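Q: Take a look at the following structure, please.
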Amino acid sequence: MTTTANDLILGALRFINVYAPGESLDSADADDALETLNDLLDSWSTDEASIYGSVENILTFTPGQYQYTIGNYDAGTFAGQVVAGSATIINATVPADMIANGDLTGAGIPAGTSIVSFNAGLNTVTMSALGTLSPGLQQISYTIPGDFKIDRPLRVTNSFTRINTAGSGLDYPIEIISQERYIEIGFKAISAPWPIVAWYNPTMPLGNLYFYQNPSGGGELHLFTDTILTNLATLTQEVVLPQGYARMIKRMLGRELAPEFGAIWTPQMEKLSKEAYDYVRSLNQVPVPVAKYDSEIITNSRTDAGWILRGGFY
């Protein structure tokens, strides 16, 4: 379903009997509740049972590189002037940490624009798109990307390398291992056509992804990461949620907001909140793996003379 932060917050406040049906959200209450809602979404992103899906990121190996930074974080702002019809930001105070391929956001900058190049001596930044208007000197936001420019994952769950040859692809699995197992590898830079294991260290502000063996070719990396529940920047921002999530968020957000708004949290409210939360968690639980083996391993001892051909009794 498609909903907004405003609807989720009002649903939570009605649940704890703070707001009446049809009542509009007070601006001060909205600011506090939106902050709490985003804190709750951040917290659920760390819980595998609260995550409803996995993201397949398709990336490319750099031959001879086995360690990669991963992420794309907000680095701050710099002063500059966007010019309509031009890809160059002029009179820019270029930050010392700026790098190419970072994202740019500001008035007159189209969505999805990135940094192509920059020149601190000339006070210019070249964009991947043309400016749409000339707003004058302003503060422009920029990001710093890792080697893999995707949202910094909290977890990497699965991975494989796809080698495309003669119009078809063969997939080679990459096992996600622990830090302890990665440390046990004696010579980590040994080369091979594709890696067989990977260890992810979720450092900040960029994560670090280590592979073994060192990929000697530029194969296609398929990296599966847990979906991160997106923070809502405004009350009117739309968000698409799977079945069951809107009810869970309203009930659990009400639980968080009740002390702040002086509401009485009743046993009935706790029961309904836990029910909504448990339904979502049960849906996302990963089934316990079932061991599989060849049926011949447990076949009863044969009664015919076949044992002679197999070297004796078994």
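Just remember, in the structure tokens the first chain shown is A, the second B, etc., residues are 1-based per chain, and ligands are 1-based in the order shown.
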Range 5-7 of chain A: which residues within 12 Å, counting only C-alpha atoms, same-chain residues fewer than 6 positions away excluded, as a PyMOL selection string?
A: chain A and resi 13-14+21-27+29-31+33-38+41+230-241+246-247+249-250+253
Q: What's the 12 Å shell around Gly64 in chain A, counting only C-alpha atoms, without same-chain residues fewer than 3 positions away, as an NGL selection string?
A: :A and (61 or 67-68 or 188-195 or 211-219)
Q: Put those residues in a file: C-alpha atoms, as a short mmCIF file (atom, residue, chain, number, x, y, z; two decimals), in the first residue's frame.
A:
data_model
loop_
_atom_site.label_atom_id
_atom_site.label_comp_id
_atom_site.auth_asym_id
_atom_site.auth_seq_id
_atom_site.Cartn_x
_atom_site.Cartn_y
_atom_site.Cartn_z
CA PHE A 61 35.01 -5.90 -10.30
CA GLN A 67 39.17 -4.70 -1.22
CA TYR A 68 36.37 -2.22 -2.00
CA LYS A 188 44.72 -12.86 0.66
CA ALA A 189 46.01 -11.38 -2.61
CA ILE A 190 46.22 -14.66 -4.53
CA SER A 191 44.68 -14.20 -7.99
CA ALA A 192 41.92 -16.20 -9.64
CA PRO A 193 39.33 -15.51 -12.35
CA TRP A 194 36.69 -14.84 -9.66
CA PRO A 195 36.51 -14.83 -5.84
CA PHE A 211 37.15 -10.78 -1.44
CA TYR A 212 39.24 -13.90 -1.70
CA GLN A 213 40.52 -14.86 -4.20
CA ASN A 214 41.65 -11.64 -5.89
CA PRO A 215 39.52 -11.31 -9.09
CA SER A 216 41.89 -11.11 -12.06
CA GLY A 217 39.08 -10.25 -14.50
CA GLY A 218 36.34 -7.64 -14.53
CA GLY A 219 33.48 -10.01 -13.83
#
Q: Step one, run DSSP on the backbone; step two, keep only residues of range 53-223 of chain A assigned to strand (DSSP E); then write them as a VMD selection string.
A: chain A and resid 54 to 60 67 to 70 72 to 82 88 to 89 104 to 105 115 to 119 124 to 127 136 to 145 156 to 165 168 to 176 191 to 192 197 to 201 207 to 212 214 to 215 220 to 223
Q: How far is it from CA of Met1 in chain A to CA of Ala111 in chain A, in Å with one decimal?
A: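 Taking CA of Met1 in chain A and CA of Ala111 in chain A, their separation equals 25.3 Å.
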Q: At what distance in Å, to one decimal, does CA of Thr225 in chain A lie from CA of Asn158 in chain A?
A: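 If I compute the distance from CA of Asn158 in chain A to CA of Thr225 in chain A, I get 7.4 Å.
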Q: Write out as a list in words each polymer residue whose atoms come within 9 Å of Ile70 in chain A, counting only C-alpha atoms; drop sequence neighbours fewer than 2 positions from it.
A: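 Listed by chain and then number, they are Tyr68, Asn72, Pro145, Gly146, Asp147, Phe148, Lys149, Ile150, Asp151, Arg152, Pro153, Pro202, Leu206, Gly207, Asn208 and Leu209 of chain A.
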Q: Could you take the residues named above and write them with N, CA and C atoms, as a tab-separated table (two decimals), in the first residue's frame?
A:
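Result file is selection33.tsv:
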chain	number	residue	atom	x	y	z
A	68	TYR	N	37.19	-3.29	-1.43
A	68	TYR	CA	36.37	-2.22	-2.00
A	68	TYR	C	35.64	-1.48	-0.87
A	72	ASN	N	27.71	5.72	-0.05
A	72	ASN	CA	27.60	7.03	-0.72
A	72	ASN	C	27.02	7.99	0.30
A	145	PRO	N	31.23	9.02	-2.62
A	145	PRO	CA	30.91	7.61	-2.88
A	145	PRO	C	32.11	6.70	-2.62
A	146	GLY	N	31.79	5.42	-2.38
A	146	GLY	CA	32.84	4.42	-2.29
A	146	GLY	C	33.14	3.84	-3.66
A	147	ASP	N	33.98	2.80	-3.68
A	147	ASP	CA	34.26	2.11	-4.94
A	147	ASP	C	32.97	1.57	-5.54
A	148	PHE	N	32.09	1.06	-4.68
A	148	PHE	CA	30.76	0.64	-5.10
A	148	PHE	C	29.77	1.69	-4.60
A	149	LYS	N	29.20	2.45	-5.52
A	149	LYS	CA	28.32	3.57	-5.16
A	149	LYS	C	26.89	3.09	-5.01
A	150	ILE	N	26.61	2.52	-3.85
A	150	ILE	CA	25.25	2.13	-3.49
A	150	ILE	C	25.04	2.55	-2.04
A	151	ASP	N	23.81	2.48	-1.57
A	151	ASP	CA	23.58	2.77	-0.16
A	151	ASP	C	24.41	1.82	0.69
A	152	ARG	N	25.09	2.37	1.69
A	152	ARG	CA	25.92	1.53	2.56
A	152	ARG	C	25.04	0.46	3.22
A	153	PRO	N	25.32	-0.81	2.95
A	153	PRO	CA	24.47	-1.86	3.51
A	153	PRO	C	24.78	-2.14	4.98
A	202	PRO	N	31.03	-3.56	8.17
A	202	PRO	CA	30.15	-2.39	8.03
A	202	PRO	C	30.68	-1.15	8.75
A	206	LEU	N	31.90	4.67	5.20
A	206	LEU	CA	31.85	3.72	4.10
A	206	LEU	C	32.15	2.33	4.63
A	207	GLY	N	31.38	1.32	4.17
A	207	GLY	CA	31.69	-0.05	4.52
A	207	GLY	C	32.87	-0.55	3.71
A	208	ASN	N	33.44	-1.67	4.15
A	208	ASN	CA	34.56	-2.28	3.44
A	208	ASN	C	34.23	-3.73	3.11
A	209	LEU	N	34.43	-4.09	1.85
A	209	LEU	CA	34.11	-5.41	1.36
A	209	LEU	C	35.40	-6.07	0.87
Q: Pick out the closest residue to Val83 in chain A from this set: A:Leu154, A:Ala49, A:Val125, A:Met269. Count only C-alpha atoms.
A: A:Val125
Q: Enumerate as a ChimeraX atom specification all residues of range 165-256 of chain A assigned to alpha helix (DSSP H) by DSSP on the backbone, naming them with the chain letters and numbers the document uses.
A: /A:179-183,245-256
Q: Just checking: using only C-alpha atoms, which residue out of A:Leu130, A:Thr143, A:Tyr182, A:Ala120 ends up closest to Leu104 in chain A?
A: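 Comparing A:Leu130, A:Thr143, A:Tyr182, A:Ala120 against Leu104 in chain A, the winner is A:Thr143.
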Q: Please provide as a ChimeraX atom specification all residues within 8 Å of Pro110 in chain A, with the sequence filter that same-chain residues fewer than 2 positions apart are discarded (counting only C-alpha atoms).
A: /A:105,108,112-113,129-132
Q: What's the 9 Å shell around Thr161 in chain A, counting only C-alpha atoms, without same-chain residues fewer than 4 positions away, as JSON, numbers by chain?
A: {"A": [170, 171, 172, 173, 174, 194, 195, 196, 219, 220, 221, 222, 223]}
Q: Suppose we keep all heavy atoms; can you now write the selection as an mmCIF file, in the first residue's frame?
A:
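Once written, part16.cif looks like this:
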data_model
loop_
_atom_site.group_PDB
_atom_site.id
_atom_site.type_symbol
_atom_site.label_atom_id
_atom_site.label_comp_id
_atom_site.auth_asym_id
_atom_site.auth_seq_id
_atom_site.Cartn_x
_atom_site.Cartn_y
_atom_site.Cartn_z
ATOM 1 N N LEU A 170 27.635 -17.536 -16.883
ATOM 2 C CA LEU A 170 27.747 -18.589 -15.888
ATOM 3 C C LEU A 170 27.945 -17.931 -14.532
ATOM 4 O O LEU A 170 28.745 -16.999 -14.387
ATOM 5 C CB LEU A 170 28.925 -19.520 -16.202
ATOM 6 C CG LEU A 170 28.761 -20.435 -17.412
ATOM 7 C CD1 LEU A 170 30.048 -21.208 -17.684
ATOM 8 C CD2 LEU A 170 27.600 -21.406 -17.199
ATOM 9 N N ASP A 171 27.205 -18.396 -13.524
ATOM 10 C CA ASP A 171 27.263 -17.804 -12.198
ATOM 11 C C ASP A 171 28.090 -18.678 -11.260
ATOM 12 O O ASP A 171 27.889 -19.900 -11.185
ATOM 13 C CB ASP A 171 25.855 -17.643 -11.623
ATOM 14 C CG ASP A 171 25.014 -16.673 -12.443
ATOM 15 O OD1 ASP A 171 25.610 -15.864 -13.182
ATOM 16 O OD2 ASP A 171 23.773 -16.727 -12.340
ATOM 17 N N TYR A 172 29.000 -18.022 -10.523
ATOM 18 C CA TYR A 172 29.862 -18.712 -9.573
ATOM 19 C C TYR A 172 29.612 -18.133 -8.186
ATOM 20 O O TYR A 172 29.839 -16.944 -7.947
ATOM 21 C CB TYR A 172 31.330 -18.545 -9.969
ATOM 22 C CG TYR A 172 31.649 -19.124 -11.326
ATOM 23 C CD1 TYR A 172 31.525 -18.344 -12.477
ATOM 24 C CD2 TYR A 172 32.025 -20.451 -11.465
ATOM 25 C CE1 TYR A 172 31.796 -18.873 -13.733
ATOM 26 C CE2 TYR A 172 32.295 -20.992 -12.725
ATOM 27 C CZ TYR A 172 32.186 -20.198 -13.849
ATOM 28 O OH TYR A 172 32.448 -20.732 -15.098
ATOM 29 N N PRO A 173 29.103 -18.947 -7.252
ATOM 30 C CA PRO A 173 28.712 -18.418 -5.939
ATOM 31 C C PRO A 173 29.899 -17.893 -5.142
ATOM 32 O O PRO A 173 31.019 -18.405 -5.238
ATOM 33 C CB PRO A 173 28.072 -19.629 -5.250
ATOM 34 C CG PRO A 173 28.644 -20.817 -5.939
ATOM 35 C CD PRO A 173 28.874 -20.403 -7.350
ATOM 36 N N ILE A 174 29.629 -16.859 -4.359
ATOM 37 C CA ILE A 174 30.597 -16.308 -3.417
ATOM 38 C C ILE A 174 30.009 -16.487 -2.019
ATOM 39 O O ILE A 174 28.936 -15.970 -1.716
ATOM 40 C CB ILE A 174 30.856 -14.806 -3.685
ATOM 41 C CG1 ILE A 174 31.390 -14.596 -5.101
ATOM 42 C CG2 ILE A 174 31.834 -14.238 -2.661
ATOM 43 C CD1 ILE A 174 31.515 -13.119 -5.482
ATOM 44 N N TRP A 194 37.761 -15.427 -10.465
ATOM 45 C CA TRP A 194 36.686 -14.845 -9.661
ATOM 46 C C TRP A 194 36.892 -15.262 -8.206
ATOM 47 O O TRP A 194 37.533 -16.265 -7.907
ATOM 48 C CB TRP A 194 35.314 -15.307 -10.156
ATOM 49 C CG TRP A 194 35.193 -16.797 -10.273
ATOM 50 C CD1 TRP A 194 34.927 -17.699 -9.276
ATOM 51 C CD2 TRP A 194 35.381 -17.569 -11.466
ATOM 52 N NE1 TRP A 194 34.925 -18.975 -9.767
ATOM 53 C CE2 TRP A 194 35.197 -18.924 -11.114
ATOM 54 C CE3 TRP A 194 35.670 -17.231 -12.790
ATOM 55 C CZ2 TRP A 194 35.304 -19.951 -12.041
ATOM 56 C CZ3 TRP A 194 35.776 -18.255 -13.701
ATOM 57 C CH2 TRP A 194 35.591 -19.603 -13.335
ATOM 58 N N PRO A 195 36.345 -14.489 -7.261
ATOM 59 C CA PRO A 195 36.510 -14.832 -5.844
ATOM 60 C C PRO A 195 35.570 -15.951 -5.422
ATOM 61 O O PRO A 195 34.563 -16.222 -6.084
ATOM 62 C CB PRO A 195 36.169 -13.528 -5.131
ATOM 63 C CG PRO A 195 35.267 -12.810 -6.062
ATOM 64 C CD PRO A 195 35.667 -13.205 -7.455
ATOM 65 N N ILE A 196 35.916 -16.585 -4.307
ATOM 66 C CA ILE A 196 35.082 -17.672 -3.795
ATOM 67 C C ILE A 196 34.441 -17.322 -2.443
ATOM 68 O O ILE A 196 33.443 -17.922 -2.061
ATOM 69 C CB ILE A 196 35.878 -18.983 -3.671
ATOM 70 C CG1 ILE A 196 37.115 -18.793 -2.791
ATOM 71 C CG2 ILE A 196 36.278 -19.497 -5.057
ATOM 72 C CD1 ILE A 196 37.891 -20.076 -2.537
ATOM 73 N N GLY A 219 34.766 -9.318 -13.830
ATOM 74 C CA GLY A 219 33.483 -10.005 -13.833
ATOM 75 C C GLY A 219 32.365 -9.153 -13.253
ATOM 76 O O GLY A 219 32.591 -8.106 -12.641
ATOM 77 N N GLU A 220 31.145 -9.601 -13.449
ATOM 78 C CA GLU A 220 29.950 -8.898 -12.968
ATOM 79 C C GLU A 220 29.595 -9.425 -11.593
ATOM 80 O O GLU A 220 29.264 -10.593 -11.419
ATOM 81 C CB GLU A 220 28.808 -9.131 -13.957
ATOM 82 C CG GLU A 220 27.553 -8.328 -13.664
ATOM 83 C CD GLU A 220 26.485 -8.585 -14.712
ATOM 84 O OE1 GLU A 220 26.495 -7.875 -15.732
ATOM 85 O OE2 GLU A 220 25.666 -9.505 -14.520
ATOM 86 N N LEU A 221 29.660 -8.547 -10.605
ATOM 87 C CA LEU A 221 29.362 -8.916 -9.224
ATOM 88 C C LEU A 221 27.892 -8.673 -8.918
ATOM 89 O O LEU A 221 27.377 -7.575 -9.137
ATOM 90 C CB LEU A 221 30.227 -8.101 -8.261
ATOM 91 C CG LEU A 221 29.878 -8.212 -6.774
ATOM 92 C CD1 LEU A 221 30.106 -9.627 -6.255
ATOM 93 C CD2 LEU A 221 30.683 -7.206 -5.957
ATOM 94 N N HIS A 222 27.220 -9.692 -8.414
ATOM 95 C CA HIS A 222 25.839 -9.567 -7.949
ATOM 96 C C HIS A 222 25.873 -9.666 -6.426
ATOM 97 O O HIS A 222 26.208 -10.715 -5.869
ATOM 98 C CB HIS A 222 24.957 -10.658 -8.548
ATOM 99 C CG HIS A 222 24.734 -10.478 -10.022
ATOM 100 N ND1 HIS A 222 23.498 -10.205 -10.572
ATOM 101 C CD2 HIS A 222 25.598 -10.521 -11.065
ATOM 102 C CE1 HIS A 222 23.614 -10.092 -11.889
ATOM 103 N NE2 HIS A 222 24.881 -10.283 -12.206
ATOM 104 N N LEU A 223 25.532 -8.557 -5.778
ATOM 105 C CA LEU A 223 25.651 -8.445 -4.329
ATOM 106 C C LEU A 223 24.265 -8.225 -3.739
ATOM 107 O O LEU A 223 23.586 -7.247 -4.076
ATOM 108 C CB LEU A 223 26.583 -7.280 -3.991
ATOM 109 C CG LEU A 223 27.124 -7.194 -2.577
ATOM 110 C CD1 LEU A 223 28.144 -8.305 -2.340
ATOM 111 C CD2 LEU A 223 27.772 -5.831 -2.339
#
Q: Using only C-alpha atoms for the distances, tell me which of A:Ser178, A:Thr165, A:Asn101, A:Asn119 is nearest to Ile144 in chain A.
A: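 Smallest separation from Ile144 in chain A among the options: A:Asn101.
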Q: Work out how far apart CA of Ala20 in chain A and CA of Glu256 in chain A are and give it in Å to one decimal.
A: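 Separation between CA of Ala20 in chain A and CA of Glu256 in chain A: 18.5 Å.
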Q: Any idea what's packed within 7 Å of Ile51 in chain A, counting only C-alpha atoms, ignoring anything in its chain fewer than 3 positions away? Could you give it as a short mmCIF file (atom, residue, chain, number, x, y, z; two decimals) with C-alpha atoms, in the first residue's frame?
A:
data_model
loop_
_atom_site.label_atom_id
_atom_site.label_comp_id
_atom_site.auth_asym_id
_atom_site.auth_seq_id
_atom_site.Cartn_x
_atom_site.Cartn_y
_atom_site.Cartn_z
CA SER A 45 16.61 -1.86 9.64
CA ASP A 47 16.63 -6.45 12.64
CA GLU A 48 16.62 -9.12 9.94
CA ASP A 226 19.02 -6.27 3.07
CA THR A 227 16.55 -3.54 2.21
CA ASN A 284 10.14 -12.39 7.18
#
Q: I'd like the contact shell of Leu283 in chain A - 9 Å cut-off, only C-alpha atoms, skipping same-chain residues fewer than 4 positions apart - returned as a list in words.
A: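 The residues satisfying every condition are Ala49, Ser50, Tyr52, Asp278 and Tyr279 of chain A.
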